[in-house]
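Peer 1: Handing over coords.pdb, PDB, C-alpha atoms.
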```pdb
ATOM      1  CA  MET A 244      41.016 -59.353  -3.371
ATOM      2  CA  ALA A 245      40.052 -57.178  -6.377
ATOM      3  CA  THR A 246      37.323 -54.617  -5.837
ATOM      4  CA  PRO A 247      34.117 -55.556  -7.710
ATOM      5  CA  ASP A 248      33.311 -53.388 -10.710
ATOM      6  CA  PRO A 249      29.944 -51.700  -9.894
ATOM      7  CA  GLU A 250      29.176 -51.167 -13.580
ATOM      8  CA  LYS A 251      29.783 -54.831 -14.391
ATOM      9  CA  ILE A 252      27.653 -55.926 -11.441
ATOM     10  CA  GLN A 253      24.842 -53.663 -12.620
ATOM     11  CA  ARG A 254      25.044 -55.056 -16.151
ATOM     12  CA  LEU A 255      24.844 -58.591 -14.807
ATOM     13  CA  GLN A 256      21.868 -57.715 -12.620
ATOM     14  CA  ASP A 257      20.100 -56.099 -15.560
ATOM     15  CA  ALA A 258      20.804 -59.111 -17.767
ATOM     16  CA  LEU A 259      19.556 -61.495 -15.082
ATOM     17  CA  ALA A 260      16.366 -59.474 -14.642
ATOM     18  CA  GLU A 261      15.812 -59.528 -18.399
ATOM     19  CA  TRP A 262      16.414 -63.279 -18.520
ATOM     20  CA  GLU A 263      13.982 -63.892 -15.655
ATOM     21  CA  ALA A 264      11.374 -61.707 -17.363
ATOM     22  CA  THR A 265      11.435 -64.068 -20.361
ATOM     23  CA  GLY A 266      10.812 -67.059 -18.084
ATOM     24  CA  GLY A 267      14.385 -68.186 -18.313
ATOM     25  CA  ASN A 268      14.172 -68.777 -22.058
ATOM     26  CA  GLY A 269      16.233 -65.786 -23.148
ATOM     27  CA  GLU A 270      19.996 -65.588 -23.463
ATOM     28  CA  LEU A 271      21.459 -64.784 -20.037
ATOM     29  CA  PHE A 272      24.119 -62.409 -21.305
ATOM     30  CA  ASN A 273      24.550 -61.138 -24.827
ATOM     31  CA  TYR A 274      28.303 -60.556 -25.096
ATOM     32  CA  GLU A 275      28.171 -59.181 -28.619
ATOM     33  CA  ARG A 276      25.595 -56.600 -27.599
ATOM     34  CA  GLU A 277      27.603 -55.644 -24.529
ATOM     35  CA  GLU A 278      30.781 -55.297 -26.568
ATOM     36  CA  ALA A 279      28.951 -52.938 -28.937
ATOM     37  CA  LEU A 280      27.510 -50.876 -26.063
ATOM     38  CA  ALA A 281      30.707 -50.670 -23.993
ATOM     39  CA  PRO A 282      32.540 -47.961 -26.015
ATOM     40  CA  VAL A 283      29.371 -45.855 -26.240
ATOM     41  CA  ARG A 284      28.880 -46.118 -22.487
ATOM     42  CA  ARG A 285      32.539 -45.259 -21.804
ATOM     43  CA  ARG A 286      32.369 -42.146 -23.993
ATOM     44  CA  ALA A 287      29.076 -41.075 -22.413
ATOM     45  CA  LEU A 288      30.419 -41.448 -18.885
ATOM     46  CA  ARG A 289      33.595 -39.564 -19.817
ATOM     47  CA  LEU A 290      31.529 -36.680 -21.206
ATOM     48  CA  LEU A 291      29.358 -36.602 -18.084
ATOM     49  CA  ASP A 292      32.472 -36.656 -15.936
ATOM     50  CA  GLN A 293      33.746 -33.496 -17.655
ATOM     51  CA  ARG A 294      30.563 -31.607 -16.764
ATOM     52  CA  PRO A 295      26.813 -32.226 -16.419
ATOM     53  CA  ARG A 296      24.946 -32.404 -19.724
ATOM     54  CA  SER A 297      21.361 -32.563 -20.909
ATOM     55  CA  GLU A 298      20.163 -35.727 -22.617
ATOM     56  CA  HIS A 299      19.855 -33.926 -25.959
ATOM     57  CA  GLU A 300      23.374 -32.529 -25.655
ATOM     58  CA  LEU A 301      24.869 -35.910 -24.736
ATOM     59  CA  ARG A 302      23.032 -37.669 -27.548
ATOM     60  CA  GLU A 303      24.333 -35.137 -30.087
ATOM     61  CA  ARG A 304      27.922 -35.616 -28.922
ATOM     62  CA  LEU A 305      27.671 -39.404 -29.127
ATOM     63  CA  VAL A 306      26.069 -39.383 -32.568
ATOM     64  CA  GLN A 307      28.718 -36.891 -33.755
ATOM     65  CA  ALA A 308      31.307 -39.421 -32.555
ATOM     66  CA  GLU A 309      29.714 -41.765 -35.139
ATOM     67  CA  PHE A 310      28.197 -44.247 -32.720
ATOM     68  CA  PRO A 311      25.054 -45.889 -34.154
ATOM     69  CA  ALA A 312      21.906 -44.092 -33.001
ATOM     70  CA  PRO A 313      20.192 -47.277 -31.677
ATOM     71  CA  LEU A 314      23.185 -48.008 -29.425
ATOM     72  CA  VAL A 315      23.288 -44.384 -28.265
ATOM     73  CA  ASP A 316      19.607 -44.475 -27.370
ATOM     74  CA  GLU A 317      20.052 -47.727 -25.441
ATOM     75  CA  VAL A 318      22.942 -46.269 -23.426
ATOM     76  CA  LEU A 319      20.996 -43.076 -22.722
ATOM     77  CA  ALA A 320      18.039 -45.121 -21.499
ATOM     78  CA  SER A 321      20.377 -47.002 -19.171
ATOM     79  CA  LEU A 322      21.876 -43.760 -17.854
ATOM     80  CA  ARG A 323      18.393 -42.343 -17.254
ATOM     81  CA  ALA A 324      17.367 -45.477 -15.364
ATOM     82  CA  SER A 325      20.421 -45.174 -13.111
ATOM     83  CA  SER A 326      19.786 -41.414 -12.562
ATOM     84  CA  LEU A 327      23.119 -40.494 -14.147
ATOM     85  CA  LEU A 328      21.171 -38.539 -16.758
ATOM     86  CA  ASP A 329      18.381 -36.318 -15.472
ATOM     87  CA  ASP A 330      17.306 -33.214 -17.398
ATOM     88  CA  ARG A 331      15.297 -31.834 -14.491
ATOM     89  CA  ARG A 332      18.279 -31.964 -12.135
ATOM     90  CA  PHE A 333      20.609 -30.699 -14.873
ATOM     91  CA  ALA A 334      18.383 -27.670 -15.524
ATOM     92  CA  HIS A 335      18.083 -26.905 -11.806
ATOM     93  CA  GLU A 336      21.869 -26.865 -11.347
ATOM     94  CA  TRP A 337      22.452 -24.922 -14.572
ATOM     95  CA  VAL A 338      20.156 -22.129 -13.397
ATOM     96  CA  ARG A 339      21.420 -22.159  -9.819
ATOM     97  CA  GLN A 340      25.049 -21.753 -10.842
ATOM     98  CA  ARG A 341      24.716 -19.374 -13.769
ATOM     99  CA  ALA A 342      22.161 -16.946 -12.372
ATOM    100  CA  LYS A 343      24.366 -15.525  -9.613
ATOM    101  CA  ARG A 344      27.877 -16.494 -10.724
ATOM    102  CA  ARG A 345      27.435 -15.381 -14.335
ATOM    103  CA  GLY A 346      24.731 -12.767 -13.783
ATOM    104  CA  LYS A 347      22.307 -14.251 -16.317
ATOM    105  CA  SER A 348      18.629 -13.314 -16.499
ATOM    106  CA  ARG A 349      15.737 -15.778 -16.546
ATOM    107  CA  SER A 350      15.146 -15.256 -20.260
ATOM    108  CA  PHE A 351      18.827 -15.787 -21.080
ATOM    109  CA  LEU A 352      18.945 -19.009 -19.024
ATOM    110  CA  ASP A 353      15.696 -20.203 -20.579
ATOM    111  CA  ARG A 354      17.208 -19.744 -24.037
ATOM    112  CA  GLU A 355      20.358 -21.656 -23.043
ATOM    113  CA  LEU A 356      18.334 -24.573 -21.669
ATOM    114  CA  ARG A 357      16.074 -24.601 -24.729
ATOM    115  CA  GLU A 358      19.158 -24.837 -26.959
ATOM    116  CA  LYS A 359      20.253 -27.842 -24.893
ATOM    117  CA  GLY A 360      16.976 -29.596 -25.597
ATOM    118  CA  VAL A 361      15.526 -29.303 -22.094
ATOM    119  CA  SER A 362      11.726 -29.555 -22.032
ATOM    120  CA  GLU A 363       9.540 -26.571 -21.202
ATOM    121  CA  THR A 364       8.331 -28.284 -18.017
ATOM    122  CA  ASP A 365      11.876 -28.826 -16.738
ATOM    123  CA  ARG A 366      12.912 -25.311 -17.755
ATOM    124  CA  ARG A 367      10.026 -23.758 -15.869
ATOM    125  CA  ALA A 368      10.763 -25.785 -12.740
ATOM    126  CA  ALA A 369      14.417 -24.726 -12.823
ATOM    127  CA  LEU A 370      13.728 -21.046 -13.526
ATOM    128  CA  ALA A 371      11.272 -20.891 -10.629
ATOM    129  CA  GLN A 372      14.360 -20.678  -8.397
ATOM    130  CA  ILE A 373      14.856 -17.068  -9.524
ATOM    131  CA  SER A 374      12.337 -14.675  -7.999
ATOM    132  CA  ASP A 375      11.689 -11.181  -9.347
ATOM    133  CA  GLU A 376      13.657  -9.836  -6.376
ATOM    134  CA  ASP A 377      16.585 -12.142  -7.190
ATOM    135  CA  GLN A 378      16.610 -11.032 -10.815
ATOM    136  CA  HIS A 379      16.505  -7.375  -9.805
ATOM    137  CA  ALA A 380      19.384  -7.852  -7.354
ATOM    138  CA  ILE A 381      21.511  -9.632  -9.977
ATOM    139  CA  ALA A 382      20.924  -6.791 -12.454
ATOM    140  CA  GLU A 383      21.752  -4.166  -9.830
ATOM    141  CA  ALA A 384      25.035  -5.879  -8.953
ATOM    142  CA  LEU A 385      26.054  -6.025 -12.624
ATOM    143  CA  ALA A 386      25.133  -2.370 -13.216
ATOM    144  CA  GLU A 387      27.010  -1.195 -10.125
ATOM    145  CA  LYS A 388      30.104  -3.137 -11.156
ATOM    146  CA  LYS A 389      30.052  -1.633 -14.654
ATOM    147  CA  ALA A 390      29.352   1.873 -13.307
ATOM    148  CA  ARG A 391      32.484   1.656 -11.125
ATOM    149  CA  GLU A 392      34.522   1.715 -14.341
ATOM    150  CA  VAL A 393      33.599   5.389 -14.658
ATOM    151  CA  LYS A 394      36.534   7.162 -13.010
ATOM    152  CA  THR A 395      35.565  10.826 -13.453
ATOM    153  CA  PRO A 396      32.173  12.559 -13.627
ATOM    154  CA  PRO A 397      30.962  12.785 -17.253
ATOM    155  CA  ALA A 398      31.640  16.179 -18.804
ATOM    156  CA  GLY A 399      28.342  16.924 -20.456
ATOM    157  CA  HIS A 400      25.297  15.059 -21.751
ATOM    158  CA  ALA A 401      27.063  13.195 -24.575
ATOM    159  CA  GLU A 402      29.654  11.683 -22.257
ATOM    160  CA  TYR A 403      26.971  10.742 -19.733
ATOM    161  CA  THR A 404      24.923   9.052 -22.479
ATOM    162  CA  ARG A 405      27.926   7.013 -23.633
ATOM    163  CA  ALA A 406      28.579   5.818 -20.084
ATOM    164  CA  LEU A 407      24.901   4.978 -19.603
ATOM    165  CA  ARG A 408      24.831   3.044 -22.872
ATOM    166  CA  ARG A 409      27.756   0.902 -21.683
ATOM    167  CA  VAL A 410      25.998   0.036 -18.416
ATOM    168  CA  VAL A 411      22.724  -0.720 -20.206
ATOM    169  CA  GLY A 412      24.611  -2.921 -22.676
ATOM    170  CA  VAL A 413      25.957  -5.161 -19.923
ATOM    171  CA  LEU A 414      22.420  -5.857 -18.716
ATOM    172  CA  ALA A 415      20.880  -6.194 -22.178
ATOM    173  CA  ARG A 416      23.462  -8.777 -23.259
ATOM    174  CA  ARG A 417      22.421 -10.932 -20.306
ATOM    175  CA  GLY A 418      18.794 -10.817 -21.318
ATOM    176  CA  PHE A 419      17.275  -8.464 -18.755
ATOM    177  CA  PRO A 420      14.083  -6.637 -19.846
ATOM    178  CA  GLN A 421      14.696  -3.331 -21.620
ATOM    179  CA  GLY A 422      12.784  -1.195 -19.109
ATOM    180  CA  MET A 423      14.618  -2.791 -16.187
ATOM    181  CA  CYS A 424      17.976  -2.292 -17.916
ATOM    182  CA  MET A 425      17.484   1.442 -18.371
ATOM    183  CA  SER A 426      16.094   2.090 -14.892
ATOM    184  CA  ILE A 427      18.763   0.112 -13.035
ATOM    185  CA  ALA A 428      21.599   1.374 -15.230
ATOM    186  CA  ARG A 429      20.604   4.997 -14.732
ATOM    187  CA  THR A 430      20.373   4.574 -10.947
ATOM    188  CA  ALA A 431      23.764   2.836 -10.787
ATOM    189  CA  LEU A 432      25.458   5.459 -12.967
ATOM    190  CA  ASP A 433      23.892   8.415 -11.136
ATOM    191  CA  THR A 434      24.988   6.945  -7.798
ATOM    192  CA  ARG A 435      28.513   6.501  -9.130
ATOM    193  CA  VAL A 436      28.688  10.035 -10.556
ATOM    194  CA  GLU A 437      27.414  11.535  -7.304
ATOM    195  CA  SER A 438      30.012   9.551  -5.350
ATOM    196  CA  LEU A 439      32.794  10.813  -7.640
ATOM    197  CA  ARG A 440      31.683  14.412  -7.281
ATOM    198  CA  GLU A 441      31.594  14.123  -3.495
ATOM    199  CA  THR A 442      35.184  12.885  -3.382
ATOM    200  CA  SER A 443      36.589  15.266  -5.994
TER     201      SER A 443
END
```
Hey, can you dump this file as structure tokens for me?

Peer 2:
Amino acid sequence: MATPDPEKIQRLQDALAEWEATGGNGELFNYEREEALAPVRRRALRLLDQRPRSEHELRERLVQAEFPAPLVDEVLASLRASSLLDDRRFAHEWVRQRAKRRGKSRSFLDRELREKGVSETDRRAALAQISDEDQHAIAEALAEKKAREVKTPPAGHAEYTRALRRVVGVLARRGFPQGMCMSIARTALDTRVESLRETS
């Protein structure tokens, strides 16, 4: 016996609910409408299967694929109703994965989520995962990693400044506050230089 198609069952249930809501006077199943929605839904599900996406991001991709905006909006509404599209959950996972794995600051992640059309409320909820201590620890780990690229103690102030600028740059590009960047970078570099001098 063939396995029932969950998507088809859901469409039938939705159509039946709609028909019952009209008192049984509406059309039970609009095949033309479903045929128009099917390719939009397939593309949307394929894009979501590749990686999680915000609603704004998914809508842009579908409209760029030249699907009519009203059909796109109807599919997105259906995906929201089935919890396959959830900006709050998307933002939470985006922050959770990119803060530690990619070493991104709160401000950098906030900018990324804003570019993806995530609301301020959902961004705030997601960014609340990162405490000040977490952010400091992430910055320290990045600075220490960059400082380890220094293989010999700097010979003079100019060489030290160049090395410090490289460590600061790593933190600044990830959106950490300027004061934090300088303080953490200097500590990481000084620790590295002292370690090199002890072993030389």

Peer 1: Which residues fall under the PyMOL selection byres ((chain A and resi 321-330) around 8) in this file, as a list in words?

Peer 2: Arg296, Ser297, Glu298, Glu317, Val318, Leu319, Ala320, Arg331, Arg332, Phe333, Ala334, Val361 and Asp365 of chain A

Peer 1: Keeping C-alpha atoms, export the residues of the selection given above as a PDB file, in the coordinates of the input.

Peer 2:
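Output below, filename result_15.pdb:
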```
ATOM      1  CA  ARG A 296      24.946 -32.404 -19.724  1.00  0.00           C
ATOM      2  CA  SER A 297      21.361 -32.563 -20.909  1.00  0.00           C
ATOM      3  CA  GLU A 298      20.163 -35.727 -22.617  1.00  0.00           C
ATOM      4  CA  GLU A 317      20.052 -47.727 -25.441  1.00  0.00           C
ATOM      5  CA  VAL A 318      22.942 -46.269 -23.426  1.00  0.00           C
ATOM      6  CA  LEU A 319      20.996 -43.076 -22.722  1.00  0.00           C
ATOM      7  CA  ALA A 320      18.039 -45.121 -21.499  1.00  0.00           C
ATOM      8  CA  ARG A 331      15.297 -31.834 -14.491  1.00  0.00           C
ATOM      9  CA  ARG A 332      18.279 -31.964 -12.135  1.00  0.00           C
ATOM     10  CA  PHE A 333      20.609 -30.699 -14.873  1.00  0.00           C
ATOM     11  CA  ALA A 334      18.383 -27.670 -15.524  1.00  0.00           C
ATOM     12  CA  VAL A 361      15.526 -29.303 -22.094  1.00  0.00           C
ATOM     13  CA  ASP A 365      11.876 -28.826 -16.738  1.00  0.00           C
TER      14      ASP A 365
END
```

Peer 1: Looking at only C-alpha atoms, which of A:Ser362, A:Ser426, A:Gln378, A:Gln372 is the one that sits closest to A:Lys347?

Peer 2: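 Smallest separation from A:Lys347 among the options: A:Gln378.
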
Peer 1: Write out as a PDB file with C-alpha atoms, in the frame of the given file the residues lying within 9 Å of A:Arg409, counting all atoms listed in the file and excluding same-chain residues fewer than 4 positions away.

Peer 2:
```
ATOM      1  CA  LYS A 389      30.052  -1.633 -14.654  1.00  0.00           C
ATOM      2  CA  ALA A 390      29.352   1.873 -13.307  1.00  0.00           C
ATOM      3  CA  THR A 404      24.923   9.052 -22.479  1.00  0.00           C
ATOM      4  CA  ARG A 405      27.926   7.013 -23.633  1.00  0.00           C
ATOM      5  CA  VAL A 413      25.957  -5.161 -19.923  1.00  0.00           C
ATOM      6  CA  ALA A 428      21.599   1.374 -15.230  1.00  0.00           C
TER       7      ALA A 428
END
```

Peer 1: Residues at most 10 Å from A:Ala369, counting only C-alpha atoms, excluding those fewer than 2 positions away in the same chain, as a PyMOL selection string?

Peer 2: chain A and resi 331-339+349+352-353+356+363-367+371-373

Peer 1: Using Å and a single decimal, report how far atom CA of A:Leu301 sits from atom CA of A:Glu277.

Peer 2: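 Value for the atom CA of A:Glu277-atom CA of A:Leu301 distance: 19.9 Å.
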
Peer 1: Quote the spacing between atom CA of A:Ala431 and atom CA of A:Glu383 in Å to one decimal place.

Peer 2: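 According to the coordinates, atom CA of A:Ala431 and atom CA of A:Glu383 are separated by 7.3 Å.
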
Peer 1: From the set A:Val436, A:Ala281, A:Ile427, A:Ala287, which residue has the shortest atom-to-atom contact distance to A:Arg391, counting only C-alpha atoms?

Peer 2: A:Val436

Peer 1: Report, in Å to a single decimal, how far apart atom CA of A:Arg286 and atom CA of A:Ala308 are.

Peer 2: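 That distance, rounded to one decimal, is 9.0 Å.
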
Peer 1: Suppose a student applies the PyMOL selection byres ((chain A and resi 439) around 12) to this structure; what residues should they get, written as a PyMOL selection string?

Peer 2: chain A and resi 390-397+432-438+440-443

Peer 1: Would you please work out which residue, of A:Arg294, A:Lys388, A:Arg289, A:Arg416, is nearest to A:Ser350 when using only C-alpha atoms?

Peer 2: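 Between A:Arg294, A:Lys388, A:Arg289, A:Arg416, the residue approaching A:Ser350 most closely is A:Arg416.
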
Peer 1: Select, from A:Lys343, A:His379, A:Arg284, A:Arg408, the residue with the minimum atom-to-atom distance to A:Arg429, counting all atoms listed in the file.

Peer 2: A:Arg408

Peer 1: When distances are computed from all atoms listed in the file, which of A:Arg304, A:Arg345, A:Arg285, A:Arg276 shows the smallest separation from A:Leu414?

Peer 2: A:Arg345

Peer 1: For A:Glu358, which residue among A:Gly422, A:Glu278, A:Glu303, A:Val411 is the nearest when counting only C-alpha atoms?

Peer 2: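 Of the candidates, the smallest distance to A:Glu358 is held by A:Glu303.
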